[in-house]
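Undergrad: Got a structure for you, structure_21.cif, holding mmCIF, N, CA and C atoms.
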```cif
data_query
loop_
_atom_site.label_atom_id
_atom_site.label_comp_id
_atom_site.auth_asym_id
_atom_site.auth_seq_id
_atom_site.Cartn_x
_atom_site.Cartn_y
_atom_site.Cartn_z
N MET A 30 -87.87 -30.31 196.63
CA MET A 30 -88.88 -31.29 196.96
C MET A 30 -88.41 -31.98 198.23
N ALA A 31 -89.25 -31.98 199.23
CA ALA A 31 -88.90 -32.58 200.52
C ALA A 31 -89.45 -34.01 200.59
N CYS A 32 -88.59 -34.92 201.00
CA CYS A 32 -89.01 -36.32 201.19
C CYS A 32 -89.40 -36.52 202.64
N GLY A 33 -90.38 -37.38 202.85
CA GLY A 33 -90.85 -37.65 204.19
C GLY A 33 -90.12 -38.79 204.87
N SER A 34 -90.49 -39.01 206.13
CA SER A 34 -89.88 -40.08 206.90
C SER A 34 -90.92 -41.03 207.49
N THR A 35 -92.19 -40.84 207.12
CA THR A 35 -93.26 -41.72 207.60
C THR A 35 -93.38 -42.91 206.65
N LYS A 36 -93.21 -44.12 207.20
CA LYS A 36 -93.26 -45.34 206.38
C LYS A 36 -94.62 -45.47 205.74
N LEU A 37 -94.64 -45.70 204.43
CA LEU A 37 -95.88 -45.89 203.68
C LEU A 37 -96.07 -47.34 203.27
N TRP A 38 -95.00 -47.98 202.72
CA TRP A 38 -95.15 -49.34 202.19
C TRP A 38 -93.80 -49.99 201.99
N ASN A 39 -93.79 -51.32 201.89
CA ASN A 39 -92.60 -52.10 201.53
C ASN A 39 -92.94 -52.93 200.30
N GLY A 40 -91.95 -53.20 199.48
CA GLY A 40 -92.15 -54.06 198.32
C GLY A 40 -90.96 -54.02 197.39
N GLU A 41 -91.21 -54.37 196.15
CA GLU A 41 -90.16 -54.35 195.14
C GLU A 41 -90.27 -53.09 194.30
N ALA A 42 -89.12 -52.60 193.88
CA ALA A 42 -89.07 -51.52 192.89
C ALA A 42 -88.43 -52.07 191.64
N THR A 43 -88.90 -51.60 190.51
CA THR A 43 -88.27 -51.90 189.24
C THR A 43 -88.18 -50.58 188.48
N TRP A 44 -87.67 -50.61 187.26
CA TRP A 44 -87.57 -49.35 186.51
C TRP A 44 -88.32 -49.47 185.20
N PHE A 45 -88.68 -48.32 184.66
CA PHE A 45 -89.49 -48.25 183.44
C PHE A 45 -89.14 -46.98 182.67
N CYS A 46 -89.49 -46.98 181.40
CA CYS A 46 -89.37 -45.78 180.58
C CYS A 46 -90.74 -45.12 180.50
N CYS A 47 -90.78 -43.83 180.68
CA CYS A 47 -92.05 -43.10 180.63
C CYS A 47 -92.70 -43.25 179.26
N GLY A 48 -94.01 -43.27 179.24
CA GLY A 48 -94.75 -43.37 177.99
C GLY A 48 -94.97 -44.80 177.57
N SER A 49 -95.47 -44.97 176.38
CA SER A 49 -95.86 -46.30 175.92
C SER A 49 -94.86 -46.98 175.00
N ALA A 50 -93.74 -46.32 174.70
CA ALA A 50 -92.76 -46.89 173.78
C ALA A 50 -91.94 -47.98 174.45
N TRP A 51 -91.61 -49.03 173.71
CA TRP A 51 -90.75 -50.11 174.19
C TRP A 51 -89.36 -49.88 173.65
N GLY A 52 -88.37 -50.42 174.30
CA GLY A 52 -87.00 -50.27 173.86
C GLY A 52 -86.28 -49.22 174.68
N PRO A 53 -85.18 -48.69 174.15
CA PRO A 53 -84.40 -47.70 174.90
C PRO A 53 -85.26 -46.49 175.28
N CYS A 54 -84.99 -45.96 176.47
CA CYS A 54 -85.75 -44.79 176.91
C CYS A 54 -85.40 -43.59 176.03
N ALA A 55 -86.40 -42.91 175.59
CA ALA A 55 -86.22 -41.73 174.77
C ALA A 55 -86.70 -40.52 175.55
N SER A 56 -86.63 -39.36 174.95
CA SER A 56 -87.08 -38.15 175.63
C SER A 56 -88.60 -38.07 175.64
N ALA A 57 -89.25 -38.83 174.77
CA ALA A 57 -90.71 -38.83 174.75
C ALA A 57 -91.22 -39.45 176.04
N GLY A 58 -92.38 -39.07 176.42
CA GLY A 58 -92.94 -39.62 177.66
C GLY A 58 -94.33 -39.10 177.88
N GLY A 59 -94.59 -38.65 179.04
CA GLY A 59 -95.89 -38.11 179.38
C GLY A 59 -96.54 -38.91 180.47
N GLY A 60 -96.75 -40.22 180.20
CA GLY A 60 -97.37 -41.08 181.20
C GLY A 60 -98.76 -40.63 181.58
N ALA A 61 -99.33 -41.27 182.59
CA ALA A 61 -100.70 -41.00 183.02
C ALA A 61 -100.87 -39.58 183.54
N CYS A 62 -99.81 -38.98 184.07
CA CYS A 62 -99.91 -37.63 184.63
C CYS A 62 -99.53 -36.56 183.61
N GLY A 63 -98.96 -36.97 182.48
CA GLY A 63 -98.55 -36.01 181.45
C GLY A 63 -97.21 -35.35 181.72
N THR A 64 -96.54 -35.72 182.82
CA THR A 64 -95.29 -35.06 183.20
C THR A 64 -94.11 -36.01 183.26
N CYS A 65 -94.29 -37.27 182.95
CA CYS A 65 -93.25 -38.28 183.14
C CYS A 65 -92.11 -38.11 182.15
N ARG A 66 -90.89 -38.11 182.67
CA ARG A 66 -89.67 -38.04 181.87
C ARG A 66 -88.67 -39.04 182.43
N SER A 67 -88.15 -39.91 181.60
CA SER A 67 -87.25 -40.97 182.04
C SER A 67 -85.97 -40.44 182.68
N SER A 68 -85.58 -39.22 182.34
CA SER A 68 -84.36 -38.64 182.88
C SER A 68 -84.58 -37.89 184.19
N ALA A 69 -85.81 -37.86 184.68
CA ALA A 69 -86.14 -37.14 185.92
C ALA A 69 -86.31 -38.14 187.07
N LEU A 70 -86.25 -37.66 188.29
CA LEU A 70 -86.43 -38.49 189.48
C LEU A 70 -87.93 -38.65 189.72
N GLN A 71 -88.52 -39.62 189.03
CA GLN A 71 -89.96 -39.82 189.06
C GLN A 71 -90.30 -41.29 189.24
N ALA A 72 -91.59 -41.54 189.49
CA ALA A 72 -92.05 -42.90 189.76
C ALA A 72 -93.46 -43.11 189.23
N ALA A 73 -93.80 -44.38 189.10
CA ALA A 73 -95.18 -44.78 188.79
C ALA A 73 -95.70 -45.52 190.02
N TRP A 74 -96.93 -45.20 190.42
CA TRP A 74 -97.55 -45.76 191.63
C TRP A 74 -98.82 -46.49 191.23
N PRO A 75 -99.06 -47.70 191.75
CA PRO A 75 -100.20 -48.50 191.31
C PRO A 75 -101.57 -47.99 191.75
N ASN A 76 -101.61 -47.01 192.62
CA ASN A 76 -102.89 -46.44 193.03
C ASN A 76 -102.86 -44.93 192.89
N ALA A 77 -102.44 -44.47 191.71
CA ALA A 77 -102.39 -43.04 191.44
C ALA A 77 -103.78 -42.49 191.13
N SER A 78 -104.71 -43.38 190.77
CA SER A 78 -106.10 -42.99 190.48
C SER A 78 -106.94 -44.27 190.45
N LYS A 79 -108.25 -44.10 190.39
CA LYS A 79 -109.12 -45.28 190.28
C LYS A 79 -108.84 -46.04 188.99
N GLU A 80 -108.63 -45.29 187.92
CA GLU A 80 -108.34 -45.93 186.63
C GLU A 80 -107.04 -46.72 186.69
N CYS A 81 -106.06 -46.17 187.36
CA CYS A 81 -104.78 -46.85 187.53
C CYS A 81 -104.97 -48.13 188.35
N TRP A 82 -105.70 -48.03 189.45
CA TRP A 82 -105.97 -49.18 190.31
C TRP A 82 -106.61 -50.31 189.51
N ASP A 83 -107.55 -49.95 188.64
CA ASP A 83 -108.24 -50.95 187.83
C ASP A 83 -107.30 -51.70 186.88
N ILE A 84 -106.20 -51.06 186.51
CA ILE A 84 -105.21 -51.68 185.62
C ILE A 84 -104.20 -52.50 186.42
N THR A 85 -103.69 -51.94 187.50
CA THR A 85 -102.58 -52.57 188.24
C THR A 85 -103.04 -53.64 189.22
N ARG A 86 -104.20 -53.48 189.81
CA ARG A 86 -104.85 -54.42 190.74
C ARG A 86 -103.91 -55.05 191.78
N PRO A 87 -103.22 -54.23 192.58
CA PRO A 87 -102.36 -54.79 193.62
C PRO A 87 -103.14 -55.59 194.66
N ASP A 88 -104.43 -55.34 194.75
CA ASP A 88 -105.26 -56.09 195.71
C ASP A 88 -105.29 -57.58 195.39
N LEU A 89 -105.10 -57.94 194.12
CA LEU A 89 -105.08 -59.35 193.74
C LEU A 89 -103.84 -60.05 194.27
N CYS A 90 -102.86 -59.28 194.72
CA CYS A 90 -101.64 -59.83 195.33
C CYS A 90 -101.66 -59.62 196.84
N GLY A 91 -102.80 -59.20 197.39
CA GLY A 91 -102.90 -58.98 198.82
C GLY A 91 -102.42 -57.62 199.28
N GLU A 92 -102.20 -56.70 198.34
CA GLU A 92 -101.71 -55.36 198.68
C GLU A 92 -102.87 -54.37 198.66
N ASP A 93 -103.01 -53.60 199.71
CA ASP A 93 -104.03 -52.55 199.79
C ASP A 93 -103.33 -51.20 199.81
N ILE A 94 -102.62 -50.92 198.75
CA ILE A 94 -101.77 -49.74 198.64
C ILE A 94 -102.62 -48.47 198.65
N PRO A 95 -102.25 -47.49 199.48
CA PRO A 95 -103.02 -46.25 199.56
C PRO A 95 -102.91 -45.41 198.29
N ARG A 96 -103.94 -44.60 198.05
CA ARG A 96 -103.95 -43.71 196.89
C ARG A 96 -103.00 -42.55 197.11
N ARG A 97 -102.13 -42.33 196.15
CA ARG A 97 -101.24 -41.18 196.10
C ARG A 97 -101.21 -40.76 194.65
N GLY A 98 -101.73 -39.58 194.37
CA GLY A 98 -101.90 -39.15 192.99
C GLY A 98 -100.71 -38.46 192.38
N CYS A 99 -100.92 -37.99 191.16
CA CYS A 99 -99.89 -37.27 190.41
C CYS A 99 -99.34 -36.13 191.25
N GLY A 100 -98.03 -36.01 191.28
CA GLY A 100 -97.38 -34.95 192.03
C GLY A 100 -97.02 -35.31 193.46
N SER A 101 -97.51 -36.45 193.96
CA SER A 101 -97.15 -36.87 195.32
C SER A 101 -95.64 -37.14 195.38
N VAL A 102 -95.06 -36.81 196.50
CA VAL A 102 -93.62 -36.98 196.69
C VAL A 102 -93.38 -38.13 197.66
N MET A 103 -92.45 -39.01 197.30
CA MET A 103 -92.12 -40.18 198.13
C MET A 103 -90.61 -40.35 198.19
N LYS A 104 -90.16 -40.93 199.28
CA LYS A 104 -88.76 -41.33 199.37
C LYS A 104 -88.72 -42.84 199.21
N VAL A 105 -87.85 -43.32 198.34
CA VAL A 105 -87.67 -44.75 198.10
C VAL A 105 -86.29 -45.12 198.62
N ARG A 106 -86.24 -46.08 199.56
CA ARG A 106 -84.98 -46.50 200.15
C ARG A 106 -84.69 -47.96 199.82
N HIS A 107 -83.52 -48.20 199.25
CA HIS A 107 -83.05 -49.57 198.98
C HIS A 107 -82.80 -50.20 200.35
N ASP A 108 -83.48 -51.30 200.64
CA ASP A 108 -83.44 -51.88 201.98
C ASP A 108 -82.12 -52.53 202.35
N CYS A 109 -81.24 -52.75 201.39
CA CYS A 109 -79.95 -53.38 201.72
C CYS A 109 -78.82 -52.36 201.76
N SER A 110 -78.76 -51.47 200.79
CA SER A 110 -77.67 -50.50 200.76
C SER A 110 -77.98 -49.26 201.59
N GLY A 111 -79.26 -48.99 201.82
CA GLY A 111 -79.65 -47.79 202.55
C GLY A 111 -79.72 -46.56 201.66
N ALA A 112 -79.33 -46.67 200.39
CA ALA A 112 -79.41 -45.54 199.46
C ALA A 112 -80.87 -45.15 199.27
N SER A 113 -81.12 -43.86 199.15
CA SER A 113 -82.50 -43.42 198.94
C SER A 113 -82.57 -42.32 197.90
N VAL A 114 -83.76 -42.16 197.35
CA VAL A 114 -84.00 -41.14 196.35
C VAL A 114 -85.40 -40.57 196.57
N CYS A 115 -85.54 -39.30 196.35
CA CYS A 115 -86.82 -38.62 196.46
C CYS A 115 -87.44 -38.55 195.05
N VAL A 116 -88.68 -39.05 194.91
CA VAL A 116 -89.32 -39.10 193.59
C VAL A 116 -90.70 -38.46 193.64
N THR A 117 -91.18 -38.08 192.47
CA THR A 117 -92.52 -37.54 192.30
C THR A 117 -93.34 -38.52 191.47
N VAL A 118 -94.55 -38.83 191.90
CA VAL A 118 -95.43 -39.72 191.14
C VAL A 118 -95.82 -39.01 189.85
N SER A 119 -95.50 -39.67 188.73
CA SER A 119 -95.77 -39.07 187.42
C SER A 119 -96.42 -40.04 186.44
N ASP A 120 -96.74 -41.24 186.91
CA ASP A 120 -97.34 -42.23 186.02
C ASP A 120 -98.04 -43.29 186.86
N CYS A 121 -98.74 -44.17 186.17
CA CYS A 121 -99.47 -45.28 186.77
C CYS A 121 -98.66 -46.56 186.56
N GLY A 122 -98.52 -47.35 187.60
CA GLY A 122 -97.80 -48.62 187.46
C GLY A 122 -97.15 -48.98 188.77
N PRO A 123 -96.49 -50.07 188.88
CA PRO A 123 -96.41 -51.16 187.91
C PRO A 123 -97.67 -52.01 187.92
N ARG A 124 -97.78 -52.86 186.93
CA ARG A 124 -98.93 -53.78 186.87
C ARG A 124 -98.69 -54.89 187.90
N THR A 125 -98.93 -54.56 189.15
CA THR A 125 -98.61 -55.44 190.28
C THR A 125 -99.19 -56.83 190.10
N ARG A 126 -100.42 -56.91 189.63
CA ARG A 126 -101.08 -58.22 189.52
C ARG A 126 -100.31 -59.21 188.63
N GLY A 127 -99.49 -58.72 187.76
CA GLY A 127 -98.71 -59.58 186.87
C GLY A 127 -97.49 -60.20 187.55
N PHE A 128 -97.20 -59.75 188.78
CA PHE A 128 -95.99 -60.21 189.47
C PHE A 128 -96.30 -60.64 190.90
N CYS A 129 -97.51 -61.12 191.16
CA CYS A 129 -97.88 -61.56 192.50
C CYS A 129 -96.89 -62.60 193.01
N SER A 130 -96.47 -62.41 194.24
CA SER A 130 -95.57 -63.31 194.96
C SER A 130 -94.13 -63.28 194.46
N GLU A 131 -93.82 -62.47 193.46
CA GLU A 131 -92.42 -62.32 193.05
C GLU A 131 -91.67 -61.74 194.25
N SER A 132 -90.44 -62.19 194.46
CA SER A 132 -89.67 -61.75 195.61
C SER A 132 -88.27 -61.34 195.19
N THR A 133 -87.77 -60.28 195.80
CA THR A 133 -86.41 -59.81 195.59
C THR A 133 -85.73 -59.74 196.94
N CYS A 134 -84.53 -60.32 197.03
CA CYS A 134 -83.82 -60.37 198.30
C CYS A 134 -82.38 -59.91 198.14
N CYS A 135 -81.82 -59.40 199.22
CA CYS A 135 -80.40 -59.12 199.32
C CYS A 135 -80.06 -59.02 200.80
N ASP A 136 -78.91 -59.54 201.16
CA ASP A 136 -78.45 -59.51 202.55
C ASP A 136 -79.51 -60.00 203.54
N GLY A 137 -80.31 -60.98 203.13
CA GLY A 137 -81.34 -61.53 204.01
C GLY A 137 -82.61 -60.72 204.10
N VAL A 138 -82.69 -59.59 203.39
CA VAL A 138 -83.89 -58.76 203.37
C VAL A 138 -84.65 -59.07 202.09
N CYS A 139 -85.92 -59.48 202.22
CA CYS A 139 -86.73 -59.80 201.05
C CYS A 139 -87.99 -58.94 201.04
N ARG A 140 -88.40 -58.57 199.86
CA ARG A 140 -89.66 -57.85 199.67
C ARG A 140 -90.42 -58.55 198.55
N THR A 141 -91.73 -58.54 198.65
CA THR A 141 -92.58 -59.23 197.70
C THR A 141 -93.53 -58.25 197.02
N ASN A 142 -93.79 -58.49 195.75
CA ASN A 142 -94.75 -57.74 194.92
C ASN A 142 -94.19 -56.39 194.48
N ARG A 143 -94.24 -56.17 193.18
CA ARG A 143 -93.80 -54.88 192.62
C ARG A 143 -94.80 -53.81 193.03
N ILE A 144 -94.30 -52.79 193.72
CA ILE A 144 -95.20 -51.74 194.19
C ILE A 144 -94.84 -50.36 193.69
N ILE A 145 -93.68 -50.22 193.07
CA ILE A 145 -93.32 -48.92 192.52
C ILE A 145 -92.38 -49.12 191.34
N ASP A 146 -92.60 -48.34 190.30
CA ASP A 146 -91.70 -48.27 189.15
C ASP A 146 -90.94 -46.97 189.27
N LEU A 147 -89.65 -47.00 189.05
CA LEU A 147 -88.83 -45.79 189.07
C LEU A 147 -88.30 -45.52 187.67
N THR A 148 -88.16 -44.26 187.34
CA THR A 148 -87.52 -43.92 186.07
C THR A 148 -86.06 -44.38 186.14
N PRO A 149 -85.40 -44.55 185.00
CA PRO A 149 -83.99 -44.95 185.02
C PRO A 149 -83.13 -44.02 185.89
N ALA A 150 -83.42 -42.72 185.84
CA ALA A 150 -82.65 -41.77 186.65
C ALA A 150 -82.83 -42.04 188.13
N ALA A 151 -84.05 -42.30 188.57
CA ALA A 151 -84.31 -42.55 189.99
C ALA A 151 -83.77 -43.91 190.42
N PHE A 152 -83.97 -44.94 189.61
CA PHE A 152 -83.49 -46.28 189.95
C PHE A 152 -81.97 -46.28 190.07
N SER A 153 -81.30 -45.60 189.15
CA SER A 153 -79.83 -45.53 189.16
C SER A 153 -79.29 -44.84 190.40
N ALA A 154 -80.10 -44.00 191.02
CA ALA A 154 -79.66 -43.29 192.23
C ALA A 154 -79.55 -44.23 193.43
N ILE A 155 -80.24 -45.39 193.37
CA ILE A 155 -80.21 -46.31 194.51
C ILE A 155 -79.69 -47.71 194.17
N GLY A 156 -79.54 -48.00 192.88
CA GLY A 156 -79.07 -49.33 192.48
C GLY A 156 -78.70 -49.37 191.01
N SER A 157 -78.24 -50.52 190.57
CA SER A 157 -77.85 -50.71 189.18
C SER A 157 -79.05 -51.13 188.34
N LEU A 158 -79.20 -50.50 187.19
CA LEU A 158 -80.30 -50.87 186.29
C LEU A 158 -80.25 -52.36 185.94
N SER A 159 -79.07 -52.94 185.89
CA SER A 159 -78.94 -54.34 185.52
C SER A 159 -79.53 -55.28 186.57
N SER A 160 -79.74 -54.80 187.79
CA SER A 160 -80.33 -55.66 188.83
C SER A 160 -81.82 -55.91 188.58
N GLY A 161 -82.47 -55.01 187.86
CA GLY A 161 -83.87 -55.20 187.48
C GLY A 161 -84.88 -54.87 188.56
N THR A 162 -84.74 -55.46 189.74
CA THR A 162 -85.64 -55.17 190.86
C THR A 162 -84.82 -55.00 192.13
N LEU A 163 -85.37 -54.24 193.06
CA LEU A 163 -84.73 -54.00 194.35
C LEU A 163 -85.76 -54.10 195.46
N PRO A 164 -85.38 -54.62 196.64
CA PRO A 164 -86.27 -54.56 197.79
C PRO A 164 -86.22 -53.14 198.37
N VAL A 165 -87.39 -52.54 198.53
CA VAL A 165 -87.42 -51.14 198.97
C VAL A 165 -88.47 -50.88 200.05
N SER A 166 -88.28 -49.77 200.73
CA SER A 166 -89.29 -49.21 201.62
C SER A 166 -89.64 -47.83 201.07
N ILE A 167 -90.92 -47.50 201.15
CA ILE A 167 -91.42 -46.22 200.65
C ILE A 167 -91.84 -45.36 201.84
N PHE A 168 -91.45 -44.09 201.80
CA PHE A 168 -91.80 -43.13 202.85
C PHE A 168 -92.48 -41.93 202.22
N GLU A 169 -93.27 -41.24 203.04
CA GLU A 169 -93.87 -39.99 202.55
C GLU A 169 -93.77 -38.93 203.63
#
```
Would you write the structure of this file as structure tokens?

TA:
Amino acid sequence: MACGSTKLWNGEATWFCCGSAWGPCASAGGGACGTCRSSALQAAWPNASKECWDITRPDLCGEDIPRRGCGSVMKVRHDCSGASVCVTVSDCGPRTRGFCSESTCCDGVCRTNRIIDLTPAAFSAIGSLSSGTLPVSIFE
């Protein structure tokens, strides 16, 4: 899977477990695309479909995030460490409207609004799960 170098968006990344179960990530999953696995390098994007947009509503936070559907490939770069990971969109999320104006900063770099959820495997490739959120740039 080839990652791009064209800047798509800036914002916060957080991590999630695929599927609807709460608690520790299990092998079960599926997500909106039917392919989400918490152990894979995957992501949830708030504009993966019209139905997803209607749930996540990033526009209510001033974000006009472009549509990128299931199977789209993106590079996510931690804006402070420079670490990056290549992910495939496999689910819908995060629910951006629930975190309007939330900000994550490090080394003087701040990003606002959750714009991408990463599986634990993908998040761990660029940061510590215990950090919860990271300021990131997204490329395609």

Undergrad: Rank nothing, just name the residue among A:Pro87, A:Gly122, A:Gly111, A:Pro164 nearest to Cys135 (chain A), using all atoms listed in the file.

TA: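 Result for the nearest residue to Cys135 (chain A): A:Pro164.
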
Undergrad: Give the answer as one residue: which of A:Cys121, A:Arg96, A:Phe45, A:Ala112 has the shortest atom-to-atom distance to Cys62 (chain A), using only N, CA and C atoms?

TA: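 The closest residue to Cys62 (chain A) is A:Cys121.
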
Undergrad: Within 6 Å of region 78-86 of chain A, counting only C-alpha atoms, which residues show up once you throw out same-chain ones fewer than 6 positions away? Write them as an MDAnalysis selection string, please.

TA: chainID A and resid 121 124:126

Undergrad: Around region 110-117 of chain A, fit a box with edges along x, y and z, padding it by 4 Å on each side, then list its centre and edge lengths in Å to one decimal as JSON.

TA:
```
{"center_x": -85.5, "center_y": -44.5, "center_z": 197.0, "size_x": 23.7, "size_y": 21.9, "size_z": 19.1}
```

Undergrad: Identify all residues satisfying the PyMOL selection byres ((chain A and resi 139) around 8) in the given file; provide them as a list in words.

TA: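 Expected selection for the PyMOL selection byres ((chain A and resi 139) around 8) here is Asn39, Gly40, Glu41, Asp108, Ser132, Thr133, Cys134, Cys135, Asp136, Gly137, Val138, Arg140, Thr141, Asn142, Leu163, Pro164 and Val165 of chain A.
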
Undergrad: Which one of A:Val118, A:Leu37, A:Leu158, A:Ile144 sits closest to Cys65 (chain A) if you count all atoms listed in the file?

TA: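 The shortest atom-to-atom distance to Cys65 (chain A) comes from A:Val118.
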
Undergrad: Please identify the helix (DSSP H, G or I) residues within chain A (assignment by DSSP from backbone atoms) and present them as a ChimeraX atom specification.

TA: /A:79-85,87-90,125-128,149-155,158-160

Undergrad: Go ahead and save the picked residues with N, CA and C atoms, as a PDB file, keeping the file's coordinate frame.

TA:
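Writing the result to result.pdb gives the following:
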```pdb
ATOM      1  N   LYS A  79    -108.250 -44.100 190.390  1.00  0.00           N
ATOM      2  CA  LYS A  79    -109.120 -45.280 190.280  1.00  0.00           C
ATOM      3  C   LYS A  79    -108.840 -46.040 188.990  1.00  0.00           C
ATOM      4  N   GLU A  80    -108.630 -45.290 187.920  1.00  0.00           N
ATOM      5  CA  GLU A  80    -108.340 -45.930 186.630  1.00  0.00           C
ATOM      6  C   GLU A  80    -107.040 -46.720 186.690  1.00  0.00           C
ATOM      7  N   CYS A  81    -106.060 -46.170 187.360  1.00  0.00           N
ATOM      8  CA  CYS A  81    -104.780 -46.850 187.530  1.00  0.00           C
ATOM      9  C   CYS A  81    -104.970 -48.130 188.350  1.00  0.00           C
ATOM     10  N   TRP A  82    -105.700 -48.030 189.450  1.00  0.00           N
ATOM     11  CA  TRP A  82    -105.970 -49.180 190.310  1.00  0.00           C
ATOM     12  C   TRP A  82    -106.610 -50.310 189.510  1.00  0.00           C
ATOM     13  N   ASP A  83    -107.550 -49.950 188.640  1.00  0.00           N
ATOM     14  CA  ASP A  83    -108.240 -50.950 187.830  1.00  0.00           C
ATOM     15  C   ASP A  83    -107.300 -51.700 186.880  1.00  0.00           C
ATOM     16  N   ILE A  84    -106.200 -51.060 186.510  1.00  0.00           N
ATOM     17  CA  ILE A  84    -105.210 -51.680 185.620  1.00  0.00           C
ATOM     18  C   ILE A  84    -104.200 -52.500 186.420  1.00  0.00           C
ATOM     19  N   THR A  85    -103.690 -51.940 187.500  1.00  0.00           N
ATOM     20  CA  THR A  85    -102.580 -52.570 188.240  1.00  0.00           C
ATOM     21  C   THR A  85    -103.040 -53.640 189.220  1.00  0.00           C
ATOM     22  N   PRO A  87    -103.220 -54.230 192.580  1.00  0.00           N
ATOM     23  CA  PRO A  87    -102.360 -54.790 193.620  1.00  0.00           C
ATOM     24  C   PRO A  87    -103.140 -55.590 194.660  1.00  0.00           C
ATOM     25  N   ASP A  88    -104.430 -55.340 194.750  1.00  0.00           N
ATOM     26  CA  ASP A  88    -105.260 -56.090 195.710  1.00  0.00           C
ATOM     27  C   ASP A  88    -105.290 -57.580 195.390  1.00  0.00           C
ATOM     28  N   LEU A  89    -105.100 -57.940 194.120  1.00  0.00           N
ATOM     29  CA  LEU A  89    -105.080 -59.350 193.740  1.00  0.00           C
ATOM     30  C   LEU A  89    -103.840 -60.050 194.270  1.00  0.00           C
ATOM     31  N   CYS A  90    -102.860 -59.280 194.720  1.00  0.00           N
ATOM     32  CA  CYS A  90    -101.640 -59.830 195.330  1.00  0.00           C
ATOM     33  C   CYS A  90    -101.660 -59.620 196.840  1.00  0.00           C
ATOM     34  N   THR A 125     -98.930 -54.560 189.150  1.00  0.00           N
ATOM     35  CA  THR A 125     -98.610 -55.440 190.280  1.00  0.00           C
ATOM     36  C   THR A 125     -99.190 -56.830 190.100  1.00  0.00           C
ATOM     37  N   ARG A 126    -100.420 -56.910 189.630  1.00  0.00           N
ATOM     38  CA  ARG A 126    -101.080 -58.220 189.520  1.00  0.00           C
ATOM     39  C   ARG A 126    -100.310 -59.210 188.630  1.00  0.00           C
ATOM     40  N   GLY A 127     -99.490 -58.720 187.760  1.00  0.00           N
ATOM     41  CA  GLY A 127     -98.710 -59.580 186.870  1.00  0.00           C
ATOM     42  C   GLY A 127     -97.490 -60.200 187.550  1.00  0.00           C
ATOM     43  N   PHE A 128     -97.200 -59.750 188.780  1.00  0.00           N
ATOM     44  CA  PHE A 128     -95.990 -60.210 189.470  1.00  0.00           C
ATOM     45  C   PHE A 128     -96.300 -60.640 190.900  1.00  0.00           C
ATOM     46  N   PRO A 149     -85.400 -44.550 185.000  1.00  0.00           N
ATOM     47  CA  PRO A 149     -83.990 -44.950 185.020  1.00  0.00           C
ATOM     48  C   PRO A 149     -83.130 -44.020 185.890  1.00  0.00           C
ATOM     49  N   ALA A 150     -83.420 -42.720 185.840  1.00  0.00           N
ATOM     50  CA  ALA A 150     -82.650 -41.770 186.650  1.00  0.00           C
ATOM     51  C   ALA A 150     -82.830 -42.040 188.130  1.00  0.00           C
ATOM     52  N   ALA A 151     -84.050 -42.300 188.570  1.00  0.00           N
ATOM     53  CA  ALA A 151     -84.310 -42.550 189.990  1.00  0.00           C
ATOM     54  C   ALA A 151     -83.770 -43.910 190.420  1.00  0.00           C
ATOM     55  N   PHE A 152     -83.970 -44.940 189.610  1.00  0.00           N
ATOM     56  CA  PHE A 152     -83.490 -46.280 189.950  1.00  0.00           C
ATOM     57  C   PHE A 152     -81.970 -46.280 190.070  1.00  0.00           C
ATOM     58  N   SER A 153     -81.300 -45.600 189.150  1.00  0.00           N
ATOM     59  CA  SER A 153     -79.830 -45.530 189.160  1.00  0.00           C
ATOM     60  C   SER A 153     -79.290 -44.840 190.400  1.00  0.00           C
ATOM     61  N   ALA A 154     -80.100 -44.000 191.020  1.00  0.00           N
ATOM     62  CA  ALA A 154     -79.660 -43.290 192.230  1.00  0.00           C
ATOM     63  C   ALA A 154     -79.550 -44.230 193.430  1.00  0.00           C
ATOM     64  N   ILE A 155     -80.240 -45.390 193.370  1.00  0.00           N
ATOM     65  CA  ILE A 155     -80.210 -46.310 194.510  1.00  0.00           C
ATOM     66  C   ILE A 155     -79.690 -47.710 194.170  1.00  0.00           C
ATOM     67  N   LEU A 158     -79.200 -50.500 187.190  1.00  0.00           N
ATOM     68  CA  LEU A 158     -80.300 -50.870 186.290  1.00  0.00           C
ATOM     69  C   LEU A 158     -80.250 -52.360 185.940  1.00  0.00           C
ATOM     70  N   SER A 159     -79.070 -52.940 185.890  1.00  0.00           N
ATOM     71  CA  SER A 159     -78.940 -54.340 185.520  1.00  0.00           C
ATOM     72  C   SER A 159     -79.530 -55.280 186.570  1.00  0.00           C
ATOM     73  N   SER A 160     -79.740 -54.800 187.790  1.00  0.00           N
ATOM     74  CA  SER A 160     -80.330 -55.660 188.830  1.00  0.00           C
ATOM     75  C   SER A 160     -81.820 -55.910 188.580  1.00  0.00           C
TER      76      SER A 160
END
```

Undergrad: Output the residue selection produced by the PyMOL selection byres ((chain A and resi 105) around 5) on the file above, formatted as a list in words.

TA: Met103, Lys104, Arg106, His107, Ser113, Val114, Ser166 and Ile167 of chain A

Undergrad: Would you work out the distance separating CA of Arg66 (chain A) from CA of Val116 (chain A), expressed in Å to one decimal?

TA: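 Separation between CA of Arg66 (chain A) and CA of Val116 (chain A): 11.8 Å.
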
Undergrad: What is the CA of Ser130 (chain A)-CA of Cys32 (chain A) distance in Å, reported with one decimal?

TA: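 Separation of CA of Ser130 (chain A) and CA of Cys32 (chain A): 28.5 Å.
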
Undergrad: Just the number, please: distance in Å from CA of Thr162 (chain A) to CA of Asp93 (chain A), one decimal.

TA: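 Answer for the CA of Thr162 (chain A) to CA of Asp93 (chain A) separation: 20.6 Å.
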
Undergrad: Can you work out which one of A:Pro75, A:Asp88, A:Trp38, A:Thr43 has the shortest atom-to-atom distance to Ser159 (chain A), counting only C-alpha atoms?

TA: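 For Ser159 (chain A), the nearest of the candidates is A:Thr43.
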
Undergrad: Which residue out of A:Gly63, A:Ala77, A:Glu169, A:Lys36 has the minimum interatomic distance to Pro95 (chain A) when all atoms listed in the file are used?

TA: A:Ala77

Undergrad: Step by step: start from the point (-96.5, -43.7, 192.8) in the file's coordinates, keep every protein, DNA or RNA residue that has an atom no farther than 6.5 Å from it, count all atoms listed in the file, and write the set as a list in words.

TA: Ala72, Ala73, Trp74, Pro75, Asn76, Ala77, Arg97, Thr117, Val118, Ser119, Asp120 and Ile145 of chain A
